[in-house]
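Dumped input-v3.txt below, it's compact mmCIF, C-alpha atoms and all ligand atoms:
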# COMPACT_ATOMS: atom_id res chain seq x y z
CA MET A 1 -16.09 1.36 -17.87
CA ALA A 2 -13.63 -0.09 -15.32
CA PHE A 3 -14.32 -3.58 -16.62
CA GLN A 4 -13.73 -2.45 -20.22
CA LEU A 5 -10.37 -1.16 -19.04
CA LEU A 6 -9.66 -4.42 -17.26
CA ALA A 7 -10.51 -6.34 -20.41
CA PHE A 8 -8.11 -4.13 -22.32
CA ILE A 9 -5.32 -4.70 -19.77
CA TYR A 10 -5.92 -8.44 -19.88
CA GLN A 11 -5.72 -8.31 -23.66
CA CYS A 12 -2.40 -6.42 -23.45
CA VAL A 13 -0.96 -8.97 -21.02
CA THR A 14 -1.92 -11.94 -23.15
CA GLN A 15 -1.31 -10.45 -26.59
CA GLU A 16 1.29 -7.68 -26.29
CA LEU A 17 3.33 -9.31 -23.49
CA ALA A 18 2.60 -12.79 -24.84
CA ALA A 19 1.84 -14.19 -21.35
CA ARG A 20 0.27 -17.64 -21.56
CA PRO A 21 -2.43 -18.06 -18.89
CA ALA A 22 -2.94 -21.65 -20.02
CA SER A 23 0.46 -22.55 -18.62
CA THR A 24 0.69 -20.19 -15.62
CA GLY A 25 -1.77 -18.75 -13.10
CA VAL A 26 -2.68 -15.09 -13.42
CA PRO A 27 -3.12 -13.55 -9.95
CA MET A 28 -5.38 -10.50 -9.84
CA HIS A 29 -6.08 -8.28 -6.85
CA HIS A 30 -9.09 -6.20 -6.00
CA PHE A 31 -9.80 -3.55 -3.36
CA SER A 32 -11.91 -4.50 -0.40
CA GLU A 33 -13.73 -1.16 -0.60
CA VAL A 34 -14.65 1.29 -3.32
CA ARG A 35 -15.58 4.96 -3.00
CA VAL A 36 -18.78 6.13 -4.63
CA GLY A 37 -18.90 9.93 -4.32
CA SER A 38 -18.14 10.58 -0.66
CA VAL A 39 -19.45 7.18 0.46
CA ARG A 40 -17.23 4.16 1.02
CA GLU A 41 -18.77 0.87 0.02
CA THR A 42 -17.62 -2.66 0.34
CA CYS A 43 -16.52 -3.84 -3.07
CA PRO A 44 -19.33 -6.13 -4.22
CA HIS A 45 -18.50 -9.83 -4.40
CA LYS A 46 -19.93 -9.87 -7.89
CA ASN A 47 -17.01 -7.67 -9.02
CA ALA A 48 -14.60 -10.51 -8.22
CA ALA A 49 -16.79 -12.87 -10.19
CA HIS A 50 -16.94 -10.34 -12.99
CA CYS A 51 -13.13 -10.15 -13.06
CA ALA A 52 -13.11 -13.92 -13.23
CA GLU A 53 -15.48 -13.80 -16.16
CA LEU A 54 -12.88 -11.71 -17.94
CA ALA A 55 -9.81 -13.66 -16.99
CA TYR A 56 -10.81 -17.07 -15.53
CA ALA A 57 -8.15 -16.45 -12.98
CA GLU A 58 -7.55 -16.17 -9.28
CA VAL A 59 -8.39 -13.06 -7.28
CA ALA A 60 -5.98 -12.04 -4.52
CA HIS A 61 -5.31 -8.85 -2.57
CA SER A 62 -2.26 -6.63 -3.06
CA GLY A 63 -1.52 -6.82 0.68
CA SER A 64 -1.39 -10.59 0.60
CA LEU A 65 0.83 -10.47 -2.48
CA ALA A 66 3.28 -8.16 -0.68
CA LEU A 67 3.54 -10.67 2.17
CA TYR A 68 4.34 -13.47 -0.28
CA ALA A 69 7.13 -11.25 -1.62
CA THR A 70 8.83 -11.73 1.79
CA ASN A 71 8.27 -15.49 1.61
CA SER A 72 6.02 -15.48 4.67
CA ARG A 73 2.36 -16.37 5.13
CA THR A 74 1.56 -14.69 8.47
CA GLY A 75 1.97 -11.03 9.26
CA LEU A 76 0.56 -7.55 8.85
CA VAL A 77 1.17 -5.63 5.63
CA ILE A 78 1.15 -1.83 5.78
CA GLU A 79 0.85 -0.72 2.19
CA VAL A 80 0.87 2.92 1.11
CA GLY A 81 0.98 3.67 -2.59
CA ASP A 82 -0.01 6.80 -4.49
CA GLY A 83 -3.64 7.18 -3.46
CA VAL A 84 -4.43 4.46 -0.95
CA ALA A 85 -3.17 3.40 2.50
CA GLN A 86 -4.19 -0.01 3.80
CA THR A 87 -3.28 -2.42 6.57
CA VAL A 88 -3.88 -6.09 5.85
CA PRO A 89 -3.45 -8.89 8.43
CA LEU A 90 -2.86 -12.39 7.10
CA TYR A 91 -2.66 -15.63 9.01
CA ASP A 92 -1.35 -18.69 7.23
CA SER A 93 -2.12 -16.99 3.87
CA TYR A 94 -5.69 -16.12 4.83
CA MET A 95 -6.58 -12.48 4.81
CA ILE A 96 -8.52 -11.54 7.94
CA PHE A 97 -10.98 -9.50 6.00
CA ASN A 98 -12.86 -7.82 8.86
CA ALA A 99 -9.56 -6.47 10.27
CA VAL A 100 -8.42 -4.81 7.02
CA LYS A 101 -8.29 -1.00 7.18
CA ARG A 102 -8.21 1.18 4.10
CA ARG A 103 -8.01 4.96 3.75
CA ASP A 104 -7.82 7.21 0.72
CA PHE A 105 -4.51 8.97 1.21
CA GLY A 106 -1.06 8.25 -0.14
CA GLY A 107 1.95 9.56 -2.02
CA ARG A 108 0.11 12.12 -4.11
CA ASP A 109 -1.22 13.77 -0.93
CA LEU A 110 2.34 13.87 0.43
CA THR A 111 3.51 15.57 -2.78
CA ALA A 112 0.77 18.21 -2.45
CA TYR A 113 1.62 18.68 1.25
CA LEU A 114 5.31 19.11 0.37
CA GLY A 115 4.27 21.86 -2.07
CA GLU A 116 2.51 23.69 0.80
CA LEU A 117 5.52 23.26 3.09
CA LEU A 118 7.91 24.65 0.49
CA ARG A 119 5.63 27.60 -0.21
CA THR A 120 5.44 28.58 3.46
CA GLU A 121 8.95 27.61 4.56
CA VAL A 122 11.20 28.54 1.65
CA GLY A 123 8.87 30.85 -0.30
CA TYR A 124 8.68 28.49 -3.28
CA LYS A 125 6.57 30.00 -6.07
CA PRO A 126 5.17 27.32 -8.38
CA ASP A 127 4.58 28.42 -11.96
CA ASN A 128 1.17 26.96 -12.84
CA SER A 129 1.58 27.93 -16.50
CA LYS A 130 4.30 25.28 -16.86
CA GLY A 131 1.97 22.27 -16.85
CA ASP A 132 3.13 19.50 -14.56
CA VAL A 133 6.76 20.73 -14.25
CA ASP A 134 6.02 21.86 -10.70
CA TRP A 135 4.38 18.54 -9.73
CA ARG A 136 7.27 16.55 -11.20
CA ALA A 137 9.79 18.66 -9.30
CA LEU A 138 7.90 18.20 -6.03
CA THR A 139 7.69 14.45 -6.63
CA ALA A 140 11.41 14.31 -7.35
CA VAL A 141 12.19 16.24 -4.14
CA LYS A 142 9.90 13.96 -2.14
CA GLU A 143 11.42 10.77 -3.55
CA SER A 144 15.06 11.82 -3.40
CA MET A 145 15.41 14.27 -0.51
CA CYS A 146 12.72 13.54 2.10
CA ARG A 147 13.18 11.36 5.18
CA VAL A 148 11.16 10.31 8.22
CA ARG A 149 11.57 11.94 11.58
CA GLN A 150 12.07 9.59 14.55
CA ARG A 151 9.99 9.72 17.74
CA ASP A 152 13.15 9.36 19.75
CA THR A 153 14.99 12.54 18.84
CA THR A 154 18.22 11.39 20.48
CA ASN A 155 18.51 9.00 17.54
CA HIS A 156 20.11 10.42 14.44
CA GLU A 157 17.63 10.81 11.61
CA ASP A 158 18.41 8.70 8.58
CA THR A 159 19.29 10.77 5.59
CA ASN A 160 18.15 9.84 2.13
CA PRO A 161 21.04 7.96 0.49
CA ALA A 162 19.77 9.09 -2.92
CA ALA A 163 19.96 12.74 -1.91
CA SER A 164 22.75 14.90 -3.14
CA GLY A 165 23.33 17.95 -0.97
CA THR A 166 21.03 20.33 -2.83
CA TYR A 167 18.10 20.46 -5.26
CA GLN A 168 17.18 23.41 -7.44
CA LEU A 169 13.44 24.00 -7.72
CA PRO A 170 11.86 25.26 -10.98
CA ASP A 171 11.64 28.82 -9.57
CA GLY A 172 15.41 28.81 -8.93
CA LYS A 173 15.25 28.36 -5.12
CA VAL A 174 17.77 25.86 -3.79
CA LEU A 175 16.86 23.23 -1.20
CA HIS A 176 19.41 21.71 1.18
CA ARG A 177 19.02 18.15 2.39
CA GLU A 178 19.15 19.16 6.07
CA GLN A 179 16.10 21.43 5.77
CA ASP A 180 13.43 20.64 8.31
CA CYS A 181 10.52 20.66 5.84
CA LEU A 182 12.09 17.60 4.14
CA ALA A 183 11.58 15.63 7.36
CA GLN A 184 8.10 17.07 7.88
CA CYS A 185 6.52 15.79 4.62
CA ALA A 186 6.13 12.13 5.68
CA GLU A 187 4.58 13.20 9.00
CA ALA A 188 1.32 13.46 7.09
CA LEU A 189 1.16 9.64 6.99
CA PHE A 190 1.05 9.63 10.79
CA GLN A 191 -1.24 12.66 11.21
CA PRO A 192 -3.45 12.89 8.11
CA ALA A 193 -6.34 14.55 9.97
CA ARG A 194 -4.23 17.53 11.03
CA LEU A 195 -1.70 17.79 8.20
CA LEU A 196 -3.77 16.71 5.19
CA LYS A 197 -6.95 18.19 6.68
CA ARG A 198 -8.73 14.87 6.40
CA ASP A 199 -11.37 14.86 9.10
CA GLU A 200 -11.43 11.68 11.11
CA GLU A 201 -8.66 10.00 9.12
CA GLU A 202 -6.30 8.02 11.35
CA GLY A 203 -2.60 7.69 10.70
CA ILE A 204 -1.03 4.47 9.48
CA GLN A 205 0.15 3.59 13.02
CA LYS A 206 -3.43 3.66 14.35
CA MET A 207 -4.75 1.75 11.33
CA ALA A 208 -2.09 -0.93 11.84
CA THR A 209 -2.74 -1.21 15.59
CA ASP A 210 -6.50 -1.44 15.05
CA SER A 211 -5.97 -4.13 12.38
CA ILE A 212 -3.82 -6.21 14.74
CA LEU A 213 -6.10 -5.80 17.75
CA ALA A 214 -9.19 -6.69 15.70
CA CYS A 215 -7.78 -10.24 15.29
CA SER A 216 -7.96 -13.17 17.66
CA ARG A 217 -5.75 -12.83 20.77
CA ASP A 218 -4.02 -16.10 19.87
CA ILE A 219 -2.37 -14.61 16.82
CA LEU A 220 -1.62 -11.03 17.93
CA LYS A 221 2.05 -11.77 18.62
CA ASP A 222 2.51 -13.51 15.27
CA LEU A 223 1.03 -10.55 13.40
CA ALA A 224 2.92 -7.87 15.33
CA GLY A 225 6.12 -9.89 15.02
CA ASN A 226 6.08 -9.71 11.23
CA ILE A 227 4.97 -6.27 10.04
CA VAL A 228 5.90 -5.70 6.43
CA LEU A 229 5.98 -2.28 4.74
CA SER A 230 5.00 -2.16 1.09
CA GLY A 231 4.13 0.48 -1.55
CA GLY A 232 6.24 3.34 -2.90
CA SER A 233 5.33 5.71 -0.07
CA MET A 234 7.05 3.42 2.44
CA LEU A 235 10.43 4.12 0.82
CA PHE A 236 11.29 7.14 2.97
CA PRO A 237 14.55 6.50 4.86
CA GLY A 238 13.89 5.76 8.52
CA MET A 239 10.34 4.50 7.93
CA CYS A 240 10.81 1.01 9.46
CA ARG A 241 12.22 2.35 12.69
CA ARG A 242 9.57 5.07 13.03
CA VAL A 243 6.65 2.68 12.37
CA GLU A 244 8.11 0.21 14.88
CA GLN A 245 8.38 2.94 17.53
CA GLU A 246 4.83 4.13 16.87
CA LEU A 247 3.35 0.64 17.06
CA GLN A 248 5.31 -0.26 20.16
CA ALA A 249 3.82 2.81 21.85
CA LEU A 250 0.26 1.82 20.90
CA LEU A 251 0.32 -1.97 21.36
CA PRO A 252 0.10 -3.67 24.78
CA SER A 253 3.60 -3.93 26.28
CA THR A 254 3.54 -7.75 26.10
CA ILE A 255 3.38 -7.63 22.30
CA LYS A 256 6.59 -6.86 20.46
CA ALA A 257 6.41 -5.12 17.09
CA ALA A 258 9.01 -6.05 14.45
CA VAL A 259 8.91 -4.07 11.22
CA SER A 260 10.71 -4.75 7.96
CA ARG A 261 10.34 -3.52 4.42
CA VAL A 262 10.00 -5.62 1.30
CA ALA A 263 12.99 -5.43 -1.01
CA SER A 264 11.24 -3.26 -3.65
CA PRO A 265 8.15 -1.74 -2.01
CA ALA A 266 6.75 -0.24 -5.21
CA TYR A 267 6.85 -3.66 -6.94
CA ALA A 268 6.04 -5.92 -3.99
CA ALA A 269 2.58 -6.87 -5.30
CA PHE A 270 4.12 -7.90 -8.63
CA THR A 271 6.92 -9.86 -6.95
CA GLY A 272 4.46 -11.56 -4.61
CA GLY A 273 2.09 -12.22 -7.50
CA SER A 274 4.78 -13.99 -9.46
CA ILE A 275 5.66 -16.08 -6.38
CA VAL A 276 1.98 -16.99 -5.90
CA ALA A 277 1.67 -17.91 -9.55
CA SER A 278 4.50 -20.41 -9.18
CA MET A 279 3.71 -21.91 -5.74
CA PRO A 280 2.49 -25.51 -6.18
CA ASP A 281 0.29 -25.49 -3.05
CA LEU A 282 -1.34 -22.18 -3.96
CA GLN A 283 -2.08 -23.25 -7.50
CA LYS A 284 -4.96 -25.27 -6.11
CA THR A 285 -6.61 -21.90 -5.32
CA PHE A 286 -6.73 -21.03 -9.02
CA MET A 287 -9.89 -21.49 -11.02
CA THR A 288 -9.25 -23.13 -14.34
CA LYS A 289 -11.02 -22.33 -17.56
CA ALA A 290 -12.65 -25.76 -17.49
CA GLU A 291 -14.03 -25.07 -13.98
CA TYR A 292 -15.24 -21.67 -15.08
CA GLU A 293 -17.09 -23.26 -17.98
CA GLU A 294 -18.55 -26.02 -15.83
CA TYR A 295 -19.53 -24.05 -12.68
CA GLY A 296 -19.69 -20.41 -13.79
CA ALA A 297 -18.01 -17.24 -12.52
CA ALA A 298 -19.28 -17.51 -8.91
CA PHE A 299 -17.03 -20.56 -8.45
CA ILE A 300 -14.17 -18.06 -7.96
CA HIS A 301 -15.41 -17.45 -4.37
CA THR A 302 -14.53 -21.03 -3.41
CA ARG A 303 -10.99 -20.53 -4.62
CA SER A 304 -9.85 -17.02 -3.68
CA VAL A 305 -6.90 -16.74 -1.26
CA SER A 306 -8.60 -13.62 0.08
CA LEU A 307 -11.09 -15.67 2.08
CA THR A 308 -11.59 -14.86 5.75
CA LYS A 309 -11.00 -17.65 8.21
CA PRO A 310 -14.23 -17.53 10.24
CA GLN A 311 -12.57 -18.50 13.55
CA LEU A 312 -10.06 -15.60 13.35
N1 LIG B 1 11.79 6.92 -2.80
C1 LIG B 1 10.53 7.28 -2.53
N2 LIG B 1 10.24 7.96 -1.40
C2 LIG B 1 8.97 8.34 -1.13
N3 LIG B 1 7.91 8.11 -1.95
C3 LIG B 1 8.15 7.43 -3.08
C4 LIG B 1 9.45 6.97 -3.43
N4 LIG B 1 9.37 6.32 -4.63
C5 LIG B 1 8.08 6.36 -5.01
N5 LIG B 1 7.35 7.04 -4.09
C6 LIG B 1 5.92 7.37 -4.15
O1 LIG B 1 5.16 6.16 -4.12
C7 LIG B 1 3.93 6.38 -4.82
C8 LIG B 1 3.71 5.24 -5.81
O2 LIG B 1 3.73 4.04 -5.09
P1 LIG B 1 3.10 2.70 -5.70
O3 LIG B 1 3.73 2.46 -7.04
O4 LIG B 1 3.22 1.65 -4.66
O5 LIG B 1 1.61 3.19 -5.85
P2 LIG B 1 0.40 2.63 -6.72
O6 LIG B 1 0.34 1.16 -6.60
O7 LIG B 1 0.49 3.22 -8.09
O8 LIG B 1 -0.76 3.38 -5.94
P3 LIG B 1 -2.14 2.97 -5.26
O9 LIG B 1 -2.11 1.47 -5.02
O10 LIG B 1 -2.21 3.75 -4.01
O11 LIG B 1 -3.15 3.42 -6.25
C9 LIG B 1 4.05 7.71 -5.54
O12 LIG B 1 3.34 8.70 -4.81
C10 LIG B 1 5.54 7.99 -5.48
O13 LIG B 1 5.85 9.38 -5.53
Conversion result in structure tokens:
Amino acid sequence: MAFQLLAFIYQCVTQELAARPASTGVPMHHFSEVRVGSVRETCPHKNAAHCAELAYAEVAHSGSLALYATNSRTGLVIEVGDGVAQTVPLYDSYMIFNAVKRRDFGGRDLTAYLGELLRTEVGYKPDNSKGDVDWRALTAVKESMCRVRQRDTTNHEDTNPAASGTYQLPDGKVLHREQDCLAQCAEALFQPARLLKRDEEEGIQKMATDSILACSRDILKDLAGNIVLSGGSMLFPGMCRRVEQELQALLPSTIKAAVSRVASPAYAAFTGGSIVASMPDLQKTFMTKAEYEEYGAAFIHTRSVSLTKPQL
């Protein structure tokens, strides 16, 4: 079913959007793991080949694409979108596959958590008969009013520049931008086990630290020195500073963490993908249609930029 959908998307890109894969590379990304029921499984290699069968293209990883969006080739990407959080270390464009961490939580869990906070803290009463009105309102509050608390409370919290002073919820209650629950929502990214009730799930700071420390000692400083935030759920004001503080507290004191955010976190994979598609030296990682026809779909594994460097 997923491959039928992929075929449909590919058809839309080539026919509806009139993209011409014959004259430009088409980067595709795939997840390193899939969830089957409650079990996580490594995404089978044959899936990448199957994608290639559909598109004769190159298979990359959204984390690596986000790093390209910053014009760098070495660093750690922390990417949190709507349903997935992942930390992806890359050295000289190579993804260090065995150090990638991926967990199934993201923006939609934060929206649900915000709903709980508003119910308990301001007595918000969602009206379930109104379809997704309630969900859309919670998402709008999250995206426009919420911020990230700082570890160092002597620092002023950043406020959300998009926030006006107040927001009226569908039940008529009015929220004020200073309200504490608006700074509490994003805490769930740092404490998913306690706040999202996800047993054994680590926060993004622990995932990132584990990803860095799982790599060779020679490159730890390079990775920690270029940590890039990507994905819509990294847009909360104050996120860079908070992640930097968290990582600095967890990493050995000799390693300095430097955190930045890509220009448009929600579109970083697209931006990076377009950069990859136009980089002359990375075009050699593409599989052409002629190569596909001569060597078959498995040839994609010799070309993917998502290869692990064995010595790392
Ligand atoms: N300004 C913002 N502040 C906080 N969260 C935001 C903001 N803008 C968007 N988001 C959240 O980011 C999430 C979408 O991010 P993104 O587009 O990166 O995800 P995705 O690629 O669709 O998801 P995934 O890869 O996890 O399946 C949504 O939950 C959205 O509410």
Taking all atoms listed in the file and a cut-off of 8 Å, can you tell me which residues surround ligand LIG 1 (chain B), written as a PDB file with C-alpha atoms, keeping the file's coordinate frame?
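Written output follows (selection.pdb):
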ATOM      1  CA  GLU A  79       0.850  -0.720   2.190  1.00  0.00           C
ATOM      2  CA  VAL A  80       0.870   2.920   1.110  1.00  0.00           C
ATOM      3  CA  GLY A  81       0.980   3.670  -2.590  1.00  0.00           C
ATOM      4  CA  ASP A  82      -0.010   6.800  -4.490  1.00  0.00           C
ATOM      5  CA  GLY A  83      -3.640   7.180  -3.460  1.00  0.00           C
ATOM      6  CA  VAL A  84      -4.430   4.460  -0.950  1.00  0.00           C
ATOM      7  CA  ALA A  85      -3.170   3.400   2.500  1.00  0.00           C
ATOM      8  CA  PHE A 105      -4.510   8.970   1.210  1.00  0.00           C
ATOM      9  CA  GLY A 106      -1.060   8.250  -0.140  1.00  0.00           C
ATOM     10  CA  GLY A 107       1.950   9.560  -2.020  1.00  0.00           C
ATOM     11  CA  ARG A 108       0.110  12.120  -4.110  1.00  0.00           C
ATOM     12  CA  ASP A 109      -1.220  13.770  -0.930  1.00  0.00           C
ATOM     13  CA  LEU A 110       2.340  13.870   0.430  1.00  0.00           C
ATOM     14  CA  THR A 111       3.510  15.570  -2.780  1.00  0.00           C
ATOM     15  CA  THR A 139       7.690  14.450  -6.630  1.00  0.00           C
ATOM     16  CA  ALA A 140      11.410  14.310  -7.350  1.00  0.00           C
ATOM     17  CA  LYS A 142       9.900  13.960  -2.140  1.00  0.00           C
ATOM     18  CA  GLU A 143      11.420  10.770  -3.550  1.00  0.00           C
ATOM     19  CA  SER A 144      15.060  11.820  -3.400  1.00  0.00           C
ATOM     20  CA  CYS A 146      12.720  13.540   2.100  1.00  0.00           C
ATOM     21  CA  ARG A 147      13.180  11.360   5.180  1.00  0.00           C
ATOM     22  CA  SER A 230       5.000  -2.160   1.090  1.00  0.00           C
ATOM     23  CA  GLY A 231       4.130   0.480  -1.550  1.00  0.00           C
ATOM     24  CA  GLY A 232       6.240   3.340  -2.900  1.00  0.00           C
ATOM     25  CA  SER A 233       5.330   5.710  -0.070  1.00  0.00           C
ATOM     26  CA  MET A 234       7.050   3.420   2.440  1.00  0.00           C
ATOM     27  CA  LEU A 235      10.430   4.120   0.820  1.00  0.00           C
ATOM     28  CA  PHE A 236      11.290   7.140   2.970  1.00  0.00           C
ATOM     29  CA  PRO A 237      14.550   6.500   4.860  1.00  0.00           C
ATOM     30  CA  PRO A 265       8.150  -1.740  -2.010  1.00  0.00           C
ATOM     31  CA  ALA A 266       6.750  -0.240  -5.210  1.00  0.00           C
ATOM     32  CA  TYR A 267       6.850  -3.660  -6.940  1.00  0.00           C
TER      33      TYR A 267
END
Top pick for closest residue to Leu90 in chain A, considering A:Ser211, A:Ser64, A:Thr254, A:Thr288 and counting all atoms listed in the file: A:Ser64
Between CA of Ala257 in chain A and CA of Ala224 in chain A, distance in Å (one decimal):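 Computing it gives 4.8 Å between the two atoms.
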Non-local contacts of Lys125 in chain A (9 Å; all atoms listed in the file; under 6 positions in same chain excluded) as a PyMOL selection string: chain A and resi 118-119+170-171+173
Pick from A:Val100, A:Phe286, A:Tyr124, A:Ile255 nearest to Asp222 in chain A, counting only C-alpha atoms: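 Nearest to Asp222 in chain A: A:Ile255.
Between Ala214 in chain A and the residues A:Ser93, A:Asn98, A:Gln248, A:Gln86, the shortest atom-to-atom distance, using all atoms listed in the file, involves A:Asn98.
Distance check against Tyr91 in chain A using only C-alpha atoms: of A:Asp218, A:Glu244, A:Asp127, A:Glu294, the minimum falls on A:Asp218.
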Gap from CA of Arg241 in chain A to CA of Lys256 in chain A - Å, one decimal: 13.3 Å
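Note that CA of Val148 in chain A and CA of Met239 in chain A are 5.9 Å apart.
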Residues within 10 Å of (6.5, -7.9, 9.6), counting only C-alpha atoms, listed as a list in words: Leu67, Thr70, Ser72, Thr74, Gly75, Leu76, Val77, Ile78, Asp222, Leu223, Ala224, Gly225, Asn226, Ile227, Val228, Leu229, Cys240, Glu244, Ala257, Ala258, Val259, Ser260, Arg261 and Val262 of chain A
